[in-house]
file my_file18.txt (compact mmCIF, C-alpha atoms)
# COMPACT_ATOMS: atom_id res chain seq x y z
CA MET A 1 -61.27 24.95 54.75
CA ALA A 2 -57.58 25.36 55.61
CA VAL A 3 -56.78 27.75 58.43
CA PRO A 4 -55.72 31.02 56.75
CA GLU A 5 -52.30 32.44 57.54
CA SER A 6 -52.76 35.91 56.02
CA THR A 7 -54.29 38.90 57.78
CA VAL A 8 -57.35 38.79 55.53
CA TRP A 9 -58.56 35.96 53.33
CA ASP A 10 -61.26 34.95 50.87
CA ARG A 11 -64.74 34.45 52.23
CA ASP A 12 -66.01 30.93 51.56
CA PRO A 13 -69.68 30.18 50.72
CA HIS A 14 -70.34 28.59 54.13
CA THR A 15 -69.35 31.83 55.82
CA GLU A 16 -71.46 33.90 53.44
CA ALA A 17 -74.49 31.79 54.30
CA LYS A 18 -73.83 32.09 58.01
CA HIS A 19 -73.42 35.86 57.75
CA ARG A 20 -76.78 36.20 56.03
CA VAL A 21 -78.34 34.27 58.90
CA LEU A 22 -76.58 36.49 61.45
CA ARG A 23 -77.78 39.68 59.80
CA GLY A 24 -81.35 38.41 59.72
CA TYR A 25 -81.13 37.43 63.36
CA PHE A 26 -79.76 40.79 64.47
CA ASP A 27 -82.54 42.54 62.54
CA ALA A 28 -85.02 40.77 64.81
CA TRP A 29 -82.93 40.64 68.01
CA TYR A 30 -82.11 44.32 68.46
CA PRO A 31 -85.70 45.68 68.37
CA ILE A 32 -87.03 43.02 70.72
CA MET A 33 -84.21 43.14 73.24
CA LEU A 34 -83.83 46.93 73.28
CA SER A 35 -87.53 47.24 74.03
CA ARG A 36 -87.02 45.13 77.17
CA PHE A 37 -83.49 45.73 78.45
CA PRO A 38 -81.45 48.91 79.02
CA ARG A 39 -78.14 47.33 78.00
CA LEU A 40 -77.01 44.64 75.56
CA THR A 41 -73.62 43.13 74.77
CA VAL A 42 -72.51 41.49 71.54
CA LEU A 43 -69.46 39.26 71.96
CA GLU A 44 -67.28 38.16 69.05
CA GLY A 45 -64.88 35.71 70.64
CA TYR A 46 -62.86 35.13 67.46
CA ALA A 47 -63.42 38.45 65.72
CA GLY A 48 -60.91 38.32 62.87
CA PRO A 49 -60.04 41.38 60.75
CA GLY A 50 -63.65 42.45 60.13
CA VAL A 51 -63.32 42.30 56.35
CA TYR A 52 -62.55 39.73 53.65
CA SER A 53 -60.20 40.00 50.68
CA ARG A 54 -62.89 41.25 48.31
CA GLY A 55 -64.23 43.79 50.77
CA GLU A 56 -67.12 41.77 52.22
CA ASP A 57 -68.11 42.55 55.80
CA GLY A 58 -66.93 40.29 58.60
CA SER A 59 -69.27 39.36 61.41
CA PRO A 60 -68.22 42.24 63.76
CA VAL A 61 -69.11 44.76 61.06
CA ILE A 62 -72.37 42.94 60.31
CA ALA A 63 -73.34 43.12 63.99
CA LEU A 64 -72.60 46.85 64.17
CA ARG A 65 -74.19 47.73 60.84
CA ALA A 66 -77.45 45.99 61.75
CA LEU A 67 -77.86 48.37 64.69
CA LEU A 68 -76.38 51.57 63.29
CA GLU A 69 -78.71 51.45 60.30
CA ARG A 70 -81.61 51.72 62.75
CA PRO A 71 -80.73 54.62 65.07
CA GLU A 72 -84.35 54.89 66.22
CA LEU A 73 -83.78 51.80 68.36
CA LEU A 74 -81.50 53.82 70.65
CA ASP A 75 -83.59 56.38 72.50
CA GLY A 76 -80.81 57.89 74.54
CA HIS A 77 -81.44 55.55 77.43
CA ARG A 78 -80.30 52.26 75.83
CA THR A 79 -76.73 51.09 75.36
CA VAL A 80 -75.15 48.37 73.25
CA ARG A 81 -71.57 47.34 73.87
CA TYR A 82 -69.52 45.32 71.42
CA VAL A 83 -66.70 43.15 72.73
CA PHE A 84 -64.34 42.04 69.97
CA ILE A 85 -61.61 39.55 70.94
CA GLU A 86 -58.87 38.61 68.49
CA GLN A 87 -55.71 36.62 69.15
CA ARG A 88 -53.55 37.91 66.28
CA ALA A 89 -52.28 41.47 66.57
CA ASP A 90 -52.30 42.09 62.80
CA ARG A 91 -55.92 41.04 62.51
CA LEU A 92 -56.95 43.08 65.54
CA GLN A 93 -55.28 46.15 64.02
CA LYS A 94 -57.08 45.53 60.74
CA LEU A 95 -60.37 45.14 62.61
CA GLN A 96 -59.85 48.47 64.39
CA GLU A 97 -59.02 50.17 61.08
CA THR A 98 -62.07 48.61 59.43
CA ILE A 99 -64.45 49.66 62.22
CA HIS A 100 -63.12 53.22 62.25
CA LYS A 101 -63.36 53.44 58.46
CA GLU A 102 -66.89 52.02 58.22
CA PHE A 103 -68.24 53.81 61.30
CA PRO A 104 -66.23 57.00 61.87
CA GLN A 105 -68.81 58.26 64.36
CA LEU A 106 -70.76 55.82 66.51
CA LEU A 107 -74.20 56.60 67.80
CA GLU A 108 -74.65 57.72 71.37
CA GLY A 109 -75.00 54.63 73.53
CA VAL A 110 -72.83 52.42 71.29
CA THR A 111 -69.40 51.37 72.54
CA VAL A 112 -66.80 49.10 70.91
CA ASP A 113 -64.09 47.42 72.98
CA PHE A 114 -61.15 45.60 71.38
CA PHE A 115 -59.20 42.92 73.26
CA HIS A 116 -55.98 41.26 72.13
CA GLY A 117 -55.42 37.64 73.12
CA PRO A 118 -56.90 34.14 72.94
CA CYS A 119 -60.62 34.09 73.69
CA GLU A 120 -60.03 31.02 75.84
CA ASP A 121 -57.82 33.07 78.19
CA ILE A 122 -59.34 36.56 78.25
CA TRP A 123 -63.10 36.22 77.72
CA GLU A 124 -63.86 36.69 81.41
CA THR A 125 -61.69 39.77 81.74
CA ALA A 126 -63.20 41.26 78.58
CA LEU A 127 -66.81 40.74 79.66
CA ASN A 128 -66.06 41.97 83.19
CA ARG A 129 -64.52 45.19 81.85
CA ALA A 130 -67.52 45.65 79.57
CA ASP A 131 -69.83 45.32 82.59
CA ALA A 132 -71.76 42.80 80.51
CA TRP A 133 -73.12 40.51 83.20
CA GLY A 134 -76.71 40.92 84.35
CA ASN A 135 -78.05 41.95 80.93
CA PRO A 136 -78.37 39.96 77.68
CA ILE A 137 -75.28 38.87 75.79
CA PHE A 138 -75.29 37.47 72.26
CA ALA A 139 -72.08 35.51 71.69
CA ASN A 140 -70.86 34.51 68.24
CA LEU A 141 -68.17 31.88 68.80
CA ASP A 142 -66.58 30.92 65.49
CA PRO A 143 -63.00 29.67 65.95
CA PHE A 144 -60.84 27.93 63.37
CA GLY A 145 -60.50 24.85 65.53
CA PRO A 146 -61.68 23.31 68.78
CA GLY A 147 -61.35 25.52 71.78
CA VAL A 148 -64.61 27.27 72.71
CA PRO A 149 -64.35 26.83 76.48
CA TYR A 150 -67.33 25.21 78.15
CA ARG A 151 -66.83 27.52 81.13
CA LEU A 152 -67.62 30.51 78.89
CA VAL A 153 -70.73 28.82 77.52
CA GLN A 154 -71.78 27.85 81.04
CA ARG A 155 -71.39 31.42 82.32
CA LEU A 156 -73.42 32.73 79.38
CA GLY A 157 -76.08 30.10 80.01
CA ARG A 158 -76.58 31.46 83.52
CA ASN A 159 -76.73 35.08 82.41
CA PRO A 160 -80.19 36.58 81.78
CA SER A 161 -81.60 36.20 78.26
CA SER A 162 -78.22 35.37 76.71
CA GLU A 163 -77.67 33.32 73.56
CA VAL A 164 -74.80 31.63 71.76
CA LEU A 165 -74.10 30.64 68.18
CA VAL A 166 -71.23 28.16 68.01
CA THR A 167 -69.63 27.02 64.76
CA PHE A 168 -68.36 23.46 64.44
CA VAL A 169 -66.27 22.63 61.39
CA SER A 170 -66.32 19.05 60.13
CA ASP A 171 -62.49 18.93 60.29
CA TRP A 172 -62.66 19.32 64.06
CA LEU A 173 -65.20 16.57 64.29
CA ARG A 174 -62.87 14.25 62.43
CA ARG A 175 -60.14 15.06 64.94
CA PHE A 176 -62.47 14.29 67.81
CA TRP A 177 -63.52 11.01 66.16
CA SER A 178 -60.01 9.66 66.46
CA LEU A 179 -59.69 10.95 70.04
CA GLU A 180 -56.52 12.80 69.06
CA GLU A 181 -57.43 15.95 70.99
CA LEU A 182 -58.71 14.65 74.31
CA LYS A 183 -57.90 17.81 76.26
CA ASP A 184 -59.47 20.14 73.68
CA GLY A 185 -62.56 17.97 73.58
CA ASP A 186 -62.93 17.92 77.35
CA VAL A 187 -62.60 21.72 77.45
CA GLN A 188 -65.19 22.24 74.71
CA PHE A 189 -67.76 19.68 75.89
CA GLY A 190 -67.29 20.30 79.60
CA SER A 191 -67.06 16.57 80.37
CA THR A 192 -65.55 13.34 79.09
CA ALA A 193 -68.89 11.89 77.91
CA TRP A 194 -68.11 12.88 74.32
CA ARG A 195 -65.27 10.33 74.26
CA ALA A 196 -67.87 7.58 73.74
CA VAL A 197 -67.66 8.60 70.07
CA GLY A 198 -64.73 6.15 69.93
CA ASP A 199 -67.18 3.27 70.37
CA LEU A 200 -68.98 4.09 67.10
CA ASP A 201 -67.89 2.83 63.69
CA ASP A 202 -69.85 4.76 61.06
CA PRO A 203 -68.45 8.26 60.35
CA LYS A 204 -71.93 9.76 60.05
CA ASP A 205 -72.95 8.26 63.37
CA LYS A 206 -69.83 9.73 64.95
CA GLU A 207 -70.53 13.17 63.54
CA LEU A 208 -74.17 13.21 64.67
CA PHE A 209 -73.22 11.86 68.09
CA LEU A 210 -70.81 14.75 68.63
CA VAL A 211 -73.36 17.34 67.50
CA ASP A 212 -75.97 15.84 69.85
CA GLU A 213 -73.44 15.66 72.67
CA TYR A 214 -72.68 19.35 72.23
CA ARG A 215 -76.38 20.16 72.39
CA ARG A 216 -76.49 18.24 75.67
CA ALA A 217 -73.54 20.30 76.86
CA LEU A 218 -75.47 23.48 76.05
CA GLY A 219 -78.41 22.09 78.00
CA ARG A 220 -76.21 21.47 81.03
CA ALA A 221 -74.91 25.01 80.72
CA GLY A 222 -78.43 26.38 81.06
CA PHE A 223 -79.53 26.80 77.46
CA THR A 224 -82.97 25.19 77.56
CA PHE A 225 -83.37 25.17 73.79
CA SER A 226 -80.85 24.47 71.06
CA ALA A 227 -80.90 23.88 67.34
CA PRO A 228 -78.18 22.52 65.04
CA PHE A 229 -77.96 23.27 61.32
CA ARG A 230 -75.57 21.69 58.88
CA LEU A 231 -74.28 23.81 55.99
CA SER A 232 -72.79 21.64 53.27
CA ASP A 233 -71.33 22.41 49.87
CA GLU A 234 -71.23 20.32 46.70
CA GLY A 235 -68.14 18.53 47.97
CA ASP A 236 -69.94 17.71 51.23
CA HIS A 237 -67.63 19.94 53.27
CA SER A 238 -69.63 21.00 56.29
CA PHE A 239 -70.10 23.62 58.96
CA TYR A 240 -72.42 23.00 61.86
CA LEU A 241 -74.12 25.98 63.46
CA VAL A 242 -75.37 25.19 66.95
CA PHE A 243 -77.59 27.82 68.52
CA GLY A 244 -78.42 27.92 72.22
CA THR A 245 -81.04 30.01 74.04
CA ARG A 246 -83.10 29.91 77.21
CA HIS A 247 -86.24 31.19 75.53
CA ARG A 248 -88.63 29.70 73.02
CA ARG A 249 -88.92 33.05 71.28
CA GLY A 250 -85.16 33.13 70.72
CA LEU A 251 -85.31 29.76 69.00
CA GLU A 252 -88.21 30.96 66.86
CA ARG A 253 -86.27 34.09 65.87
CA MET A 254 -83.21 32.08 64.83
CA LYS A 255 -85.30 29.68 62.76
CA ASP A 256 -87.13 32.61 61.17
CA SER A 257 -83.78 34.09 60.22
CA MET A 258 -82.59 30.76 58.78
CA TRP A 259 -85.69 30.35 56.66
CA LYS A 260 -85.69 33.93 55.39
CA THR A 261 -82.05 33.77 54.34
CA ASP A 262 -81.46 34.20 50.64
CA PRO A 263 -79.85 31.07 49.20
CA VAL A 264 -76.09 31.02 48.61
CA LYS A 265 -75.09 29.23 45.44
CA GLY A 266 -73.66 25.79 46.13
CA ILE A 267 -74.62 25.76 49.83
CA GLN A 268 -77.37 23.62 51.30
CA PHE A 269 -78.81 23.76 54.80
CA ARG A 270 -79.61 20.35 56.24
CA ASP A 271 -81.20 19.17 59.46
CA PRO A 272 -78.68 16.86 61.16
CA ARG A 273 -81.45 15.43 63.38
CA ASP A 274 -83.21 14.03 60.32
CA PRO A 275 -81.80 10.53 59.67
CA ASN A 276 -82.06 11.25 55.94
CA GLN A 277 -80.33 14.66 56.29
CA GLY A 278 -83.23 16.39 54.55
CA ILE A 279 -82.40 19.58 52.67
CA LEU A 280 -84.04 22.73 54.03
CA ASP A 281 -85.09 25.03 51.17
CA LEU A 282 -84.21 28.25 52.94
CA GLY A 283 -85.19 31.50 51.28
CA VAL A 284 -87.64 29.75 48.93
CA LEU A 285 -91.27 30.93 48.84
CA ASP A 286 -92.63 27.41 48.43
CA PRO A 287 -90.10 25.11 50.15
CA ASP A 288 -90.09 21.35 49.83
CA ILE A 289 -91.68 20.04 53.03
CA SER A 290 -91.59 16.35 52.12
CA PRO A 291 -89.01 15.63 54.85
CA LEU A 292 -91.38 17.21 57.37
CA LEU A 293 -94.29 15.07 56.11
CA ARG A 294 -92.23 11.98 56.84
CA LEU A 295 -91.15 13.23 60.27
CA LEU A 296 -94.74 14.07 61.26
CA THR A 297 -96.13 10.71 60.13
CA ASP A 298 -93.35 8.93 62.02
CA LYS A 299 -94.21 10.98 65.11
CA LEU A 300 -97.92 10.17 64.80
CA ARG A 301 -97.14 6.50 64.25
CA ARG A 302 -95.49 6.47 67.67
CA HIS A 303 -98.61 8.07 69.19
CA PRO A 304 -101.59 6.09 67.87
CA GLN A 305 -103.94 8.00 70.16
CA GLY A 306 -103.08 11.15 68.22
CA LEU A 307 -101.53 14.50 69.07
CA ARG A 308 -102.79 18.07 69.14
CA VAL A 309 -101.62 20.48 66.46
CA GLU A 310 -99.88 22.44 69.22
CA GLU A 311 -97.85 19.37 70.17
CA LEU A 312 -96.85 18.74 66.57
CA LYS A 313 -95.75 22.35 66.17
CA ASP A 314 -93.65 22.08 69.32
CA PHE A 315 -92.13 18.86 67.98
CA ALA A 316 -91.14 20.62 64.76
CA LEU A 317 -89.74 23.66 66.56
CA PHE A 318 -87.65 21.75 69.09
CA ASN A 319 -86.68 18.63 67.15
CA THR A 320 -86.47 19.49 63.44
CA GLY A 321 -85.18 22.26 61.22
CA TYR A 322 -88.73 23.40 60.44
CA ARG A 323 -90.90 26.15 61.89
CA PRO A 324 -94.45 25.89 63.31
CA PRO A 325 -96.06 27.48 60.19
CA HIS A 326 -94.58 24.64 58.13
CA VAL A 327 -96.53 22.16 60.29
CA THR A 328 -99.86 23.73 59.35
CA LYS A 329 -99.04 23.40 55.67
CA ALA A 330 -97.79 19.83 56.11
CA LEU A 331 -100.89 18.74 58.03
CA GLN A 332 -103.16 20.24 55.40
CA ARG A 333 -101.36 18.18 52.78
CA LEU A 334 -101.62 14.98 54.87
CA ILE A 335 -105.34 15.60 55.39
CA GLU A 336 -105.88 16.15 51.66
CA ARG A 337 -104.08 12.88 50.94
CA GLY A 338 -106.23 11.02 53.46
CA GLN A 339 -103.22 10.00 55.52
CA VAL A 340 -104.42 11.57 58.78
CA ASP A 341 -107.75 12.33 60.46
CA ARG A 342 -108.54 15.42 62.46
CA THR A 343 -110.99 16.10 65.29
CA PRO A 344 -113.07 18.17 64.81
CA SER A 345 -113.26 17.31 61.13
CA LYS A 346 -113.99 20.87 59.95
CA GLY A 347 -112.67 24.34 60.59
CA ARG A 348 -109.26 25.89 61.00
CA LEU A 349 -106.28 23.87 62.19
CA THR A 350 -106.10 25.54 65.58
CA LYS A 351 -103.69 24.38 68.25
CA THR A 352 -106.30 22.22 70.01
CA VAL A 353 -107.26 20.15 66.93
CA GLN A 354 -106.43 16.46 67.46
CA VAL A 355 -104.60 14.70 64.63
CA THR A 356 -104.33 10.92 64.27
CA LEU A 357 -102.61 8.77 61.68
CA ARG A 358 -105.14 6.88 59.58
CA GLN A 359 -104.66 3.14 59.98
call {"tool": "encode", "arguments": {"input": "my_file18.txt", "output": "structure tokens"}}
result
Amino acid sequence: MAVPESTVWDRDPHTEAKHRVLRGYFDAWYPIMLSRFPRLTVLEGYAGPGVYSRGEDGSPVIALRALLERPELLDGHRTVRYVFIEQRADRLQKLQETIHKEFPQLLEGVTVDFFHGPCEDIWETALNRADAWGNPIFANLDPFGPGVPYRLVQRLGRNPSSEVLVTFVSDWLRRFWSLEELKDGDVQFGSTAWRAVGDLDDPKDKELFLVDEYRRALGRAGFTFSAPFRLSDEGDHSFYLVFGTRHRRGLERMKDSMWKTDPVKGIQFRDPRDPNQGILDLGVLDPDISPLLRLLTDKLRRHPQGLRVEELKDFALFNTGYRPPHVTKALQRLIERGQVDRTPSKGRLTKTVQVTLRQ
């Protein structure tokens, strides 16, 4: 996608898919976090105008709407602060107009702060003024090019119960492949290790290396768990969504949101960690789990002594695009086919059941 020059622009299918995921995630995040913390902050580092050319909601409006449609979550003692940063003055003005039009009266405890300038330069000032530190922050970082500063991600990674969703566009990755933007890459990855991409020849290998390297960067920043998802269209133009959290439950919530997302025509979610780039049938009642069957049998082949169901579910959660409930279904299918044995041989597939690949 070309970088738009106008104040507002058409929403592309990748963005529509991402916005459905975001809404599903907020629907789960707000109730859980507001039951545990007195104050939350939602950061939009590259907020945009808040609306698209055909009137669709932008991500700042989606974040606000998800909370304001559930006023019962705010009991008079909880506060949620929204920090919207936008570099272009015309887009910031449009965002302010859009917010005031859509939400003429905010609920008690809800505050919206607008900041004009590059996220790379003013994020710290914005979050300091919002008194965000010390309570959870959800940061949606979706720029048009490279530039999400590692220092921001690192600060978020050290803040209690905070999470990030970073968007990589394949065009950036191509720029990084050729090592044209060394400074931008160093700023985004927080080191020079990513430059080893220049030693690889195959474009797919380069792309996956950079996604994995960014996950390692999130790990260094303090995000214990991360998950990448590739959104591709029929022309194989891609977005990568990379989610980082310090809590297993956060990763489970994001995957739940992904899998409950209604499909967007022409857009496929893929697991970049799967060598075959298996398609994830999100939003489908009976998804195709054949890629997971292959991944589980490969995992069991590397562990001839067998693994507990709990270990296989953790493998799927942390290393694939699938969720733990998918593992139960996949194992039942492998058992029915006679490809694996289980101990004990009868009963429910509880977490302590041992599974071995039949030789």
call {"tool": "residues_around", "arguments": {"input": "my_file18.txt", "residues": "Asp184 of chain A", "least_positions_apart": "6", "cutoff": "12 Å", "atoms": "all atoms listed in the file", "output": "VMD selection string"}}
result
chain A and resid 120 145 to 150 172 to 173 175 to 176 190 to 192 194 to 195
call {"tool": "residues_around", "arguments": {"input": "my_file18.txt", "residues": "Ser53 of chain A", "least_positions_apart": "4", "cutoff": "8 Å", "atoms": "all atoms listed in the file", "output": "list in words"}}
result
Val8, Trp9, Asp10 and Arg11 of chain A
call {"tool": "write_last_selection", "arguments": {"input": "my_file18.txt", "atoms": "C-alpha atoms", "output": "mmCIF file, in the coordinates of the input"}}
result
data_model
loop_
_atom_site.group_PDB
_atom_site.id
_atom_site.type_symbol
_atom_site.label_atom_id
_atom_site.label_comp_id
_atom_site.auth_asym_id
_atom_site.auth_seq_id
_atom_site.Cartn_x
_atom_site.Cartn_y
_atom_site.Cartn_z
ATOM 1 C CA VAL A 8 -57.350 38.790 55.530
ATOM 2 C CA TRP A 9 -58.560 35.960 53.330
ATOM 3 C CA ASP A 10 -61.260 34.950 50.870
ATOM 4 C CA ARG A 11 -64.740 34.450 52.230
#
call {"tool": "residues_around", "arguments": {"input": "my_file18.txt", "residues": "segment 204-210 of chain A", "least_positions_apart": "2", "cutoff": "7 Å", "atoms": "all atoms listed in the file", "output": "list in words"}}
result
Leu173, Trp177, Trp194, Val197, Leu200, Asp202, Asp212, Glu213, Tyr214 and Pro272 of chain A
call {"tool": "write_last_selection", "arguments": {"input": "my_file18.txt", "atoms": "C-alpha atoms", "output": "PDB file, in the coordinates of the input"}}
result
ATOM      1  CA  LEU A 173     -65.200  16.570  64.290  1.00  0.00           C
ATOM      2  CA  TRP A 177     -63.520  11.010  66.160  1.00  0.00           C
ATOM      3  CA  TRP A 194     -68.110  12.880  74.320  1.00  0.00           C
ATOM      4  CA  VAL A 197     -67.660   8.600  70.070  1.00  0.00           C
ATOM      5  CA  LEU A 200     -68.980   4.090  67.100  1.00  0.00           C
ATOM      6  CA  ASP A 202     -69.850   4.760  61.060  1.00  0.00           C
ATOM      7  CA  ASP A 212     -75.970  15.840  69.850  1.00  0.00           C
ATOM      8  CA  GLU A 213     -73.440  15.660  72.670  1.00  0.00           C
ATOM      9  CA  TYR A 214     -72.680  19.350  72.230  1.00  0.00           C
ATOM     10  CA  PRO A 272     -78.680  16.860  61.160  1.00  0.00           C
TER      11      PRO A 272
END
call {"tool": "atom_distance", "arguments": {"input": "my_file18.txt", "atom1": "atom CA of Glu69 of chain A", "atom2": "atom CA of Phe239 of chain A"}}
result
29.2 Å
call {"tool": "closest_residue", "arguments": {"input": "my_file18.txt", "among": "A:Ile99, A:Leu317, A:Ile32, A:Val42", "to": "Gly58 of chain A", "atoms": "all atoms listed in the file"}}
result
A:Ile99
call {"tool": "closest_residue", "arguments": {"input": "my_file18.txt", "among": "A:Pro118, A:Ala132, A:Leu106, A:Leu141", "to": "Ser59 of chain A", "atoms": "all atoms listed in the file"}}
result
A:Leu141
call {"tool": "atom_distance", "arguments": {"input": "my_file18.txt", "atom1": "atom CA of Val353 of chain A", "atom2": "atom CA of Arg308 of chain A"}}
result
5.4 Å
call {"tool": "closest_residue", "arguments": {"input": "my_file18.txt", "among": "A:His14, A:Pro31, A:Leu107, A:Asp121", "to": "Gly45 of chain A", "atoms": "only C-alpha atoms"}}
result
A:Asp121
call {"tool": "residues_around", "arguments": {"input": "my_file18.txt", "residues": "Glu252 of chain A", "least_positions_apart": "2", "cutoff": "10 Å", "atoms": "all atoms listed in the file", "output": "ChimeraX atom specification"}}
result
/A:247-250,254-258,317-318,322-324
call {"tool": "closest_residue", "arguments": {"input": "my_file18.txt", "among": "A:Glu336, A:Glu44, A:Glu180, A:Asp75", "to": "Val110 of chain A", "atoms": "only C-alpha atoms"}}
result
A:Asp75
call {"tool": "atom_distance", "arguments": {"input": "my_file18.txt", "atom1": "atom CA of Gly219 of chain A", "atom2": "atom CA of Gly244 of chain A"}}
result
8.2 Å
call {"tool": "closest_residue", "arguments": {"input": "my_file18.txt", "among": "A:Phe243, A:Tyr46, A:Phe189, A:Phe229", "to": "Ala217 of chain A", "atoms": "all atoms listed in the file"}}
result
A:Phe189
call {"tool": "closest_residue", "arguments": {"input": "my_file18.txt", "among": "A:Pro143, A:Ile62, A:Glu102, A:Glu124", "to": "Glu86 of chain A", "atoms": "all atoms listed in the file"}}
result
A:Pro143
call {"tool": "residues_around", "arguments": {"input": "my_file18.txt", "residues": "Glu97 of chain A", "least_positions_apart": "3", "cutoff": "12 Å", "atoms": "all atoms listed in the file", "output": "ChimeraX atom specification"}}
result
/A:49-51,61,90-94,100-104,114
call {"tool": "residues_near_point", "arguments": {"input": "my_file18.txt", "point": "(-102.2, 10.3, 54.4)", "cutoff": "10 Å", "atoms": "all atoms listed in the file", "output": "PDB file with C-alpha atoms, in the coordinates of the input"}}
result
ATOM      1  CA  LEU A 293     -94.290  15.070  56.110  1.00  0.00           C
ATOM      2  CA  THR A 297     -96.130  10.710  60.130  1.00  0.00           C
ATOM      3  CA  LEU A 331    -100.890  18.740  58.030  1.00  0.00           C
ATOM      4  CA  ARG A 333    -101.360  18.180  52.780  1.00  0.00           C
ATOM      5  CA  LEU A 334    -101.620  14.980  54.870  1.00  0.00           C
ATOM      6  CA  ILE A 335    -105.340  15.600  55.390  1.00  0.00           C
ATOM      7  CA  GLU A 336    -105.880  16.150  51.660  1.00  0.00           C
ATOM      8  CA  ARG A 337    -104.080  12.880  50.940  1.00  0.00           C
ATOM      9  CA  GLY A 338    -106.230  11.020  53.460  1.00  0.00           C
ATOM     10  CA  GLN A 339    -103.220  10.000  55.520  1.00  0.00           C
ATOM     11  CA  VAL A 340    -104.420  11.570  58.780  1.00  0.00           C
ATOM     12  CA  ASP A 341    -107.750  12.330  60.460  1.00  0.00           C
ATOM     13  CA  LEU A 357    -102.610   8.770  61.680  1.00  0.00           C
ATOM     14  CA  ARG A 358    -105.140   6.880  59.580  1.00  0.00           C
ATOM     15  CA  GLN A 359    -104.660   3.140  59.980  1.00  0.00           C
TER      16      GLN A 359
END
